[in-house]
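What's in run-v4.cif: mmCIF, C-alpha atoms
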data_run
#
loop_
_atom_site.label_atom_id
_atom_site.label_comp_id
_atom_site.auth_asym_id
_atom_site.auth_seq_id
_atom_site.Cartn_x
_atom_site.Cartn_y
_atom_site.Cartn_z
CA MET A 25 -2.29 -0.88 30.43
CA SER A 26 -3.30 -4.13 28.71
CA SER A 27 -4.01 -4.21 24.99
CA SER A 28 -5.40 -7.76 25.01
CA ARG A 29 -8.78 -8.12 23.32
CA ILE A 30 -11.38 -10.27 25.07
CA LEU A 31 -14.68 -11.41 23.61
CA VAL A 32 -17.41 -12.20 26.15
CA VAL A 33 -20.27 -14.37 24.86
CA ASP A 34 -23.46 -14.75 26.92
CA ASP A 35 -27.16 -14.47 26.11
CA ASN A 36 -27.89 -13.23 29.66
CA LEU A 37 -27.36 -9.46 29.62
CA ALA A 38 -26.89 -9.22 33.39
CA ASN A 39 -24.10 -11.81 33.30
CA LEU A 40 -22.62 -10.07 30.28
CA ARG A 41 -22.47 -6.69 32.03
CA LEU A 42 -20.89 -8.22 35.13
CA LEU A 43 -18.10 -9.90 33.18
CA VAL A 44 -17.48 -6.80 31.08
CA ASP A 45 -17.21 -4.61 34.20
CA TRP A 46 -14.67 -6.92 35.85
CA LEU A 47 -12.53 -7.18 32.73
CA ALA A 48 -12.72 -3.47 31.90
CA SER A 49 -11.47 -2.69 35.42
CA GLU A 50 -8.24 -4.49 34.42
CA SER A 51 -7.96 -2.35 31.26
CA TYR A 52 -8.74 -5.15 28.82
CA ALA A 53 -10.40 -4.21 25.53
CA VAL A 54 -13.74 -6.03 25.79
CA SER A 55 -16.33 -6.76 23.12
CA THR A 56 -19.51 -8.82 23.47
CA ALA A 57 -21.73 -11.25 21.63
CA THR A 58 -25.07 -12.75 22.69
CA ASN A 59 -24.99 -15.99 20.67
CA GLY A 60 -22.60 -18.43 19.05
CA PHE A 61 -23.05 -17.22 15.48
CA GLU A 62 -22.38 -13.62 16.44
CA ALA A 63 -19.34 -14.79 18.42
CA LEU A 64 -17.80 -16.59 15.44
CA ALA A 65 -18.27 -13.52 13.24
CA LYS A 66 -16.71 -11.20 15.84
CA ILE A 67 -13.73 -13.47 16.46
CA GLU A 68 -12.93 -13.37 12.75
CA ALA A 69 -13.49 -9.61 12.43
CA GLU A 70 -11.82 -8.45 15.66
CA GLU A 71 -9.05 -11.02 16.14
CA ALA A 72 -9.85 -11.69 19.79
CA ASP A 73 -6.99 -12.78 22.05
CA ILE A 74 -9.27 -14.82 24.32
CA VAL A 75 -12.94 -15.85 24.42
CA LEU A 76 -15.16 -16.16 27.51
CA LEU A 77 -17.96 -18.42 26.32
CA ASP A 78 -21.22 -19.24 28.09
CA VAL A 79 -22.25 -22.89 27.73
CA MET A 80 -26.04 -22.64 27.79
CA MET A 81 -27.18 -20.50 24.85
CA PRO A 82 -30.07 -20.97 22.43
CA GLY A 83 -29.29 -22.02 18.87
CA LEU A 84 -25.56 -22.61 18.76
CA ASP A 85 -24.58 -23.52 22.32
CA GLY A 86 -21.18 -23.02 23.88
CA PHE A 87 -19.99 -26.57 23.22
CA GLU A 88 -20.64 -26.33 19.47
CA THR A 89 -19.29 -22.77 19.27
CA CYS A 90 -16.07 -23.89 20.95
CA ARG A 91 -15.79 -26.88 18.61
CA ARG A 92 -16.09 -24.59 15.58
CA ILE A 93 -13.49 -22.18 16.94
CA LYS A 94 -10.99 -24.98 17.48
CA ALA A 95 -11.76 -26.55 14.08
CA ASP A 96 -10.84 -23.36 12.22
CA PRO A 97 -7.06 -23.00 11.57
CA ALA A 98 -7.43 -19.21 11.79
CA MET A 99 -8.99 -19.40 15.28
CA VAL A 100 -7.55 -22.56 16.84
CA HIS A 101 -4.83 -20.64 18.71
CA ILE A 102 -7.36 -18.48 20.61
CA PRO A 103 -7.89 -19.66 24.22
CA VAL A 104 -11.51 -20.40 25.15
CA ILE A 105 -12.69 -20.24 28.76
CA MET A 106 -16.15 -21.76 29.08
CA VAL A 107 -18.47 -20.22 31.67
CA THR A 108 -21.04 -22.62 33.09
CA ALA A 109 -23.39 -23.37 35.94
CA LEU A 110 -23.12 -27.06 35.08
CA GLN A 111 -21.47 -29.28 37.69
CA ASP A 112 -21.73 -32.57 35.82
CA VAL A 113 -18.35 -34.16 35.09
CA ASP A 114 -19.68 -35.34 31.71
CA ASP A 115 -20.26 -31.72 30.72
CA LEU A 116 -16.71 -30.78 31.70
CA VAL A 117 -15.36 -33.70 29.67
CA ARG A 118 -17.53 -32.68 26.71
CA GLY A 119 -16.18 -29.14 26.92
CA PHE A 120 -12.53 -30.19 27.05
CA GLU A 121 -13.08 -32.64 24.19
CA GLY A 122 -14.50 -29.74 22.19
CA GLY A 123 -11.25 -27.83 22.75
CA ALA A 124 -12.00 -25.66 25.80
CA ASP A 125 -8.85 -24.42 27.51
CA ASP A 126 -10.41 -23.78 30.93
CA PHE A 127 -13.72 -23.54 32.80
CA LEU A 128 -15.29 -21.01 35.15
CA THR A 129 -18.23 -22.12 37.25
CA LYS A 130 -21.11 -19.79 38.13
CA PRO A 131 -21.50 -17.88 40.36
CA ILE A 132 -18.25 -16.34 39.14
CA ASN A 133 -15.63 -14.98 41.49
CA GLY A 134 -14.01 -11.86 40.05
CA LEU A 135 -10.52 -12.71 41.29
CA ALA A 136 -10.74 -16.21 39.83
CA LEU A 137 -11.91 -14.77 36.52
CA ILE A 138 -8.96 -12.37 36.23
CA ALA A 139 -6.48 -15.06 37.32
CA ARG A 140 -7.71 -17.49 34.68
CA VAL A 141 -7.70 -14.83 31.94
CA ARG A 142 -4.12 -13.85 32.81
CA SER A 143 -3.05 -17.49 32.84
CA GLN A 144 -4.51 -18.17 29.39
CA LEU A 145 -3.01 -15.00 27.93
CA ARG A 146 0.43 -16.02 29.25
CA ARG A 147 0.01 -19.45 27.65
CA LYS A 148 -1.03 -17.85 24.36
CA ARG A 149 2.01 -15.54 24.31
CA HIS A 150 4.32 -18.44 25.14
CA HIS A 151 2.80 -20.55 22.36
CA ALA A 152 3.14 -17.65 19.91
CA ARG A 153 6.86 -17.30 20.74
CA ILE A 154 7.45 -21.02 20.24
CA LEU A 155 5.51 -20.97 16.97
CA GLU A 156 7.45 -17.96 15.70
CA GLN A 157 10.76 -19.58 16.60
CA SER A 158 9.77 -22.75 14.74
CA LEU A 159 8.80 -20.86 11.56
CA VAL A 160 11.41 -18.09 11.36
CA ASP A 161 15.07 -18.57 10.50
CA GLN A 162 16.80 -17.43 13.66
CA LEU A 163 19.89 -16.06 11.91
CA THR A 164 18.33 -13.92 9.20
CA GLY A 165 14.74 -13.26 10.32
CA ALA A 166 13.35 -14.61 7.05
CA PHE A 167 10.77 -17.39 7.19
CA ASN A 168 12.26 -20.87 7.13
CA ARG A 169 11.70 -23.74 4.70
CA ARG A 170 9.05 -25.25 6.96
CA TYR A 171 6.96 -22.09 6.83
CA PHE A 172 7.48 -21.75 3.09
CA ASP A 173 6.33 -25.31 2.42
CA ALA A 174 3.22 -24.78 4.58
CA HIS A 175 2.14 -21.36 3.29
CA ALA A 176 3.49 -20.66 -0.20
CA ALA A 177 1.19 -23.15 -1.92
CA ARG A 178 -1.83 -21.66 -0.15
CA LEU A 179 -0.76 -18.16 -1.17
CA ILE A 180 -0.53 -19.25 -4.78
CA ALA A 181 -3.92 -21.00 -4.55
CA ARG A 182 -5.55 -17.80 -3.24
CA CYS A 183 -4.09 -15.76 -6.10
CA ARG A 184 -5.26 -18.35 -8.60
CA ALA A 185 -8.77 -18.36 -7.11
CA ALA A 186 -8.87 -14.57 -7.50
CA CYS A 187 -7.47 -14.83 -11.06
CA ARG A 188 -4.30 -12.99 -10.03
CA LEU A 189 -0.79 -13.49 -11.39
CA ILE A 190 1.92 -14.69 -9.03
CA ALA A 191 5.69 -14.79 -9.45
CA VAL A 192 8.55 -16.57 -7.70
CA LEU A 193 12.18 -15.52 -7.35
CA MET A 194 15.04 -17.84 -6.42
CA ILE A 195 18.09 -15.98 -5.08
CA ASP A 196 21.59 -17.25 -4.37
CA ILE A 197 24.53 -15.24 -3.01
CA ASP A 198 27.44 -15.41 -5.43
CA HIS A 199 30.70 -16.91 -4.12
CA PHE A 200 29.28 -17.34 -0.60
CA LYS A 201 31.42 -20.39 0.22
CA ARG A 202 34.51 -18.38 -0.64
CA ILE A 203 33.30 -15.53 1.60
CA ASN A 204 33.01 -18.00 4.49
CA ASP A 205 36.39 -19.57 3.74
CA THR A 206 38.18 -16.25 3.35
CA TYR A 207 36.54 -14.09 6.02
CA HIS A 208 35.22 -16.83 8.35
CA HIS A 209 31.69 -17.86 9.20
CA ALA A 210 30.93 -14.98 11.58
CA THR A 211 31.41 -12.58 8.68
CA GLY A 212 29.37 -14.87 6.44
CA ASP A 213 26.54 -14.79 8.98
CA ARG A 214 26.55 -11.00 8.99
CA VAL A 215 26.48 -10.99 5.19
CA LEU A 216 23.44 -13.28 5.21
CA LYS A 217 21.62 -11.06 7.71
CA GLU A 218 22.35 -7.89 5.76
CA VAL A 219 21.28 -9.44 2.46
CA VAL A 220 17.93 -10.45 3.99
CA HIS A 221 17.53 -7.01 5.53
CA ARG A 222 18.00 -5.41 2.11
CA LEU A 223 15.58 -7.84 0.50
CA MET A 224 12.85 -7.28 3.08
CA SER A 225 13.24 -3.50 3.15
CA THR A 226 12.82 -3.38 -0.63
CA LEU A 227 9.81 -5.71 -0.94
CA ARG A 228 6.14 -5.22 -0.04
CA PRO A 229 4.93 -6.34 3.43
CA PHE A 230 2.87 -9.19 1.94
CA ASP A 231 5.68 -10.64 -0.20
CA LEU A 232 6.95 -13.90 1.30
CA VAL A 233 10.72 -14.23 1.87
CA ALA A 234 12.07 -17.62 2.99
CA ARG A 235 15.53 -19.02 3.54
CA MET A 236 15.51 -22.34 1.70
CA GLY A 237 18.90 -23.39 3.03
CA GLY A 238 22.46 -22.09 3.16
CA ASP A 239 22.66 -18.92 1.07
CA GLU A 240 19.60 -19.62 -1.08
CA PHE A 241 16.31 -17.76 -0.68
CA ALA A 242 12.87 -17.92 -2.28
CA ILE A 243 10.50 -14.98 -2.66
CA VAL A 244 6.82 -15.29 -3.56
CA LEU A 245 5.37 -12.14 -5.16
CA PRO A 246 1.53 -12.14 -5.23
CA GLU A 247 -0.23 -10.23 -8.03
CA THR A 248 3.02 -9.88 -9.98
CA SER A 249 3.69 -10.64 -13.65
CA LEU A 250 6.97 -12.05 -14.94
CA ASP A 251 8.05 -8.67 -16.36
CA ALA A 252 7.31 -6.95 -13.04
CA ALA A 253 9.10 -9.73 -11.13
CA ILE A 254 12.21 -9.24 -13.27
CA GLN A 255 12.14 -5.50 -12.57
CA ILE A 256 11.78 -6.18 -8.83
CA ALA A 257 14.61 -8.73 -8.99
CA GLU A 258 16.86 -6.24 -10.74
CA ARG A 259 16.09 -3.67 -8.03
CA LEU A 260 17.01 -6.26 -5.38
CA ARG A 261 20.21 -7.17 -7.24
CA ARG A 262 21.29 -3.54 -7.39
CA ARG A 263 20.38 -2.90 -3.75
CA ILE A 264 22.82 -5.65 -2.74
CA ALA A 265 25.58 -5.10 -5.32
CA ASP A 266 25.83 -1.32 -5.05
CA PHE A 267 26.81 -1.19 -1.37
CA PRO A 268 29.53 -3.46 0.08
CA ILE A 269 28.79 -5.59 3.15
CA GLU A 270 31.57 -5.96 5.73
CA GLY A 271 33.87 -4.37 3.15
CA ILE A 272 33.15 -7.17 0.68
CA ALA A 273 31.60 -6.83 -2.76
CA VAL A 274 28.56 -9.07 -2.35
CA THR A 275 26.38 -9.92 -5.34
CA VAL A 276 23.45 -12.23 -5.99
CA SER A 277 22.10 -14.24 -8.89
CA ILE A 278 18.33 -14.38 -9.32
CA GLY A 279 15.99 -16.60 -11.32
CA ALA A 280 12.40 -15.52 -11.93
CA ALA A 281 9.29 -17.40 -13.02
CA ALA A 282 5.57 -16.60 -13.02
CA SER A 283 2.48 -18.75 -12.77
CA SER A 284 -0.58 -17.99 -14.90
CA PRO A 285 -3.78 -17.38 -12.90
CA ASP A 286 -5.71 -19.75 -15.15
CA GLY A 287 -3.01 -22.44 -15.19
CA GLU A 288 -2.77 -25.64 -13.20
CA GLU A 289 0.97 -25.55 -12.54
CA GLU A 290 1.95 -26.64 -9.05
CA LEU A 291 4.25 -24.56 -6.86
CA ASP A 292 7.12 -27.03 -7.27
CA ALA A 293 7.03 -26.61 -11.07
CA THR A 294 7.16 -22.80 -10.79
CA LEU A 295 10.03 -23.05 -8.32
CA GLN A 296 11.90 -25.40 -10.66
CA ARG A 297 11.62 -22.89 -13.50
CA ALA A 298 12.85 -20.09 -11.25
CA ASP A 299 15.64 -22.36 -10.03
CA ALA A 300 16.63 -23.12 -13.63
CA GLY A 301 16.86 -19.37 -14.26
CA LEU A 302 18.99 -18.99 -11.14
CA TYR A 303 21.52 -21.57 -12.28
CA GLN A 304 21.59 -20.06 -15.76
CA ALA A 305 22.50 -16.75 -14.14
CA LYS A 306 25.20 -18.43 -12.03
CA ARG A 307 26.71 -20.20 -15.05
CA ALA A 308 26.80 -16.90 -16.95
CA GLY A 309 29.00 -15.38 -14.25
CA GLY A 310 26.56 -14.33 -11.54
CA ASN A 311 25.35 -10.90 -10.49
CA ARG A 312 22.44 -11.01 -12.90
CA VAL A 313 18.72 -11.73 -13.22
CA THR A 314 17.38 -14.41 -15.52
CA GLY A 315 13.67 -14.83 -16.08
CA GLU A 316 12.64 -17.52 -18.53
CA ALA A 317 13.10 -15.87 -21.96
CA ASN A 318 14.25 -12.57 -20.42
CA GLU A 319 17.63 -11.61 -19.06
CA ILE A 320 18.96 -8.42 -17.48
CA THR A 321 22.64 -8.11 -16.57
CA LEU A 322 24.56 -5.44 -14.69
CA ARG A 323 27.84 -5.45 -12.80
CA PRO A 324 28.54 -3.71 -9.46
CA GLU A 325 29.70 -0.12 -9.81
CA HIS A 326 31.72 -0.07 -6.60
CA VAL A 327 34.12 -3.01 -7.03
CA GLU A 328 37.19 -0.78 -6.79
CA GLN A 329 36.19 0.23 -3.26
CA THR A 330 35.99 -3.31 -1.95
CA ARG A 331 37.74 -6.55 -1.30
CA VAL A 332 36.51 -8.82 -4.10
CA VAL A 333 36.07 -12.59 -4.02
CA ASP A 334 36.38 -13.79 -7.62
CA GLU A 335 35.81 -17.54 -7.60
CA ILE A 336 32.41 -18.94 -8.42
CA ASP A 337 31.01 -21.52 -5.93
#
Encoded form (structure tokens):
Amino acid sequence: MSSSRILVVDDNLANLRLLVDWLASESYAVSTATNGFEALAKIEAEEADIVLLDVMMPGLDGFETCRRIKADPAMVHIPVIMVTALQDVDDLVRGFEGGADDFLTKPINGLALIARVRSQLRRKRHHARILEQSLVDQLTGAFNRRYFDAHAARLIARCRAACRLIAVLMIDIDHFKRINDTYHHATGDRVLKEVVHRLMSTLRPFDLVARMGGDEFAIVLPETSLDAAIQIAERLRRRIADFPIEGIAVTVSIGAAASSPDGEEELDATLQRADAGLYQAKRAGGNRVTGEANEITLRPEHVEQTRVVDEID
């Protein structure tokens, strides 16, 4: 049973019904639109997986509708199959230049329709896997630095536009080099994965967690004040320190900073302030949270049950 969502766009109701019947027979979830403007609104609202788009429509024709879909970063990944009675090569070229992924020529053959839809859905899934692999750190499952650089600034800009506070945490695992040297890199990898698991399971779904490199992570907390960020950071610190990983007492140091909704501070400046707090925490012995003028410090309660690595990186 397919869960793929297909939007069919055609101003001819007879053609619309025919396409819907064929697609519904393959268990696709099908919605319809009768013009380009309605199509654009439905794509945004319903998150279509693929669009079947008639070329000849009044107002916003298929060529211009396709161009707008492919010009929008939120829609560009959606395959568009243009449906046309046109045989002119210039029209095909115009469609492909506008971003069309494939064409179907009227009168439509049902088998050809289903084959093309399946082909485009396979391509979309393959592209999604490649994109995910390029943006997610394969060891830990956190986003990677590339994703962070592309999306964190936009997240902050959206909060600022809505007059919302936003906070940033910089996190570093204490003594991680010594963990690798003492217990080998395979153990170090498992420590990294478990630390990220504990971070993600403690945070909200919309908080952004990224591995910045090595054992350092950044977290962006939308709609969060500095005081709240420090409380969250302390909860994260305890979640890691209170339960050994691979029999090792693992702790983290965390720096926190917040950006005012009415300020003009760039993301890099906020990160630098959080990073300064992180290194202040490290210099003070680690296993603590430092947030600008605020500091909270606690030590693990279960050290006696673990193998402890004492040297600071």
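Residue nearest Arg118 in chain A within the list A:Ala95, A:His150, A:Val79, A:Ala139: A:Val79 [criterion: smallest interatomic distance, all atoms listed in the file].
Between CA of Ser249 in chain A and CA of Gly315 in chain A lies a distance of 11.1 Å.
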Problem set entry | Result set, the PyMOL selection byres ((chain A and resi 169) around 9) on current file, as number ranges by chain | A: 159-161, 167-168, 170-174, 234-237
Using only C-alpha atoms, please write the residues we just selected to a file, as a PDB file, keeping the file's coordinate frame.
ATOM      1  CA  LEU A 159       8.800 -20.860  11.560  1.00  0.00           C
ATOM      2  CA  VAL A 160      11.410 -18.090  11.360  1.00  0.00           C
ATOM      3  CA  ASP A 161      15.070 -18.570  10.500  1.00  0.00           C
ATOM      4  CA  PHE A 167      10.770 -17.390   7.190  1.00  0.00           C
ATOM      5  CA  ASN A 168      12.260 -20.870   7.130  1.00  0.00           C
ATOM      6  CA  ARG A 170       9.050 -25.250   6.960  1.00  0.00           C
ATOM      7  CA  TYR A 171       6.960 -22.090   6.830  1.00  0.00           C
ATOM      8  CA  PHE A 172       7.480 -21.750   3.090  1.00  0.00           C
ATOM      9  CA  ASP A 173       6.330 -25.310   2.420  1.00  0.00           C
ATOM     10  CA  ALA A 174       3.220 -24.780   4.580  1.00  0.00           C
ATOM     11  CA  ALA A 234      12.070 -17.620   2.990  1.00  0.00           C
ATOM     12  CA  ARG A 235      15.530 -19.020   3.540  1.00  0.00           C
ATOM     13  CA  MET A 236      15.510 -22.340   1.700  1.00  0.00           C
ATOM     14  CA  GLY A 237      18.900 -23.390   3.030  1.00  0.00           C
TER      15      GLY A 237
END
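CA of Gly301 in chain A is positioned 14.0 Å from CA of Asp251 in chain A.
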Problem set entry | Residues near Thr294 in chain A, cut-off 8 Å, only C-alpha atoms, skip fewer than 2 positions along chain, as JSON, numbers by chain | {"A": [192, 281, 282, 283, 289, 290, 291, 292, 296, 297, 298]}
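Nearest residue to Gln162 in chain A, choosing from A:Val220, A:Asp205, A:Gly60, A:Gln144 and counting all atoms listed in the file: A:Val220.
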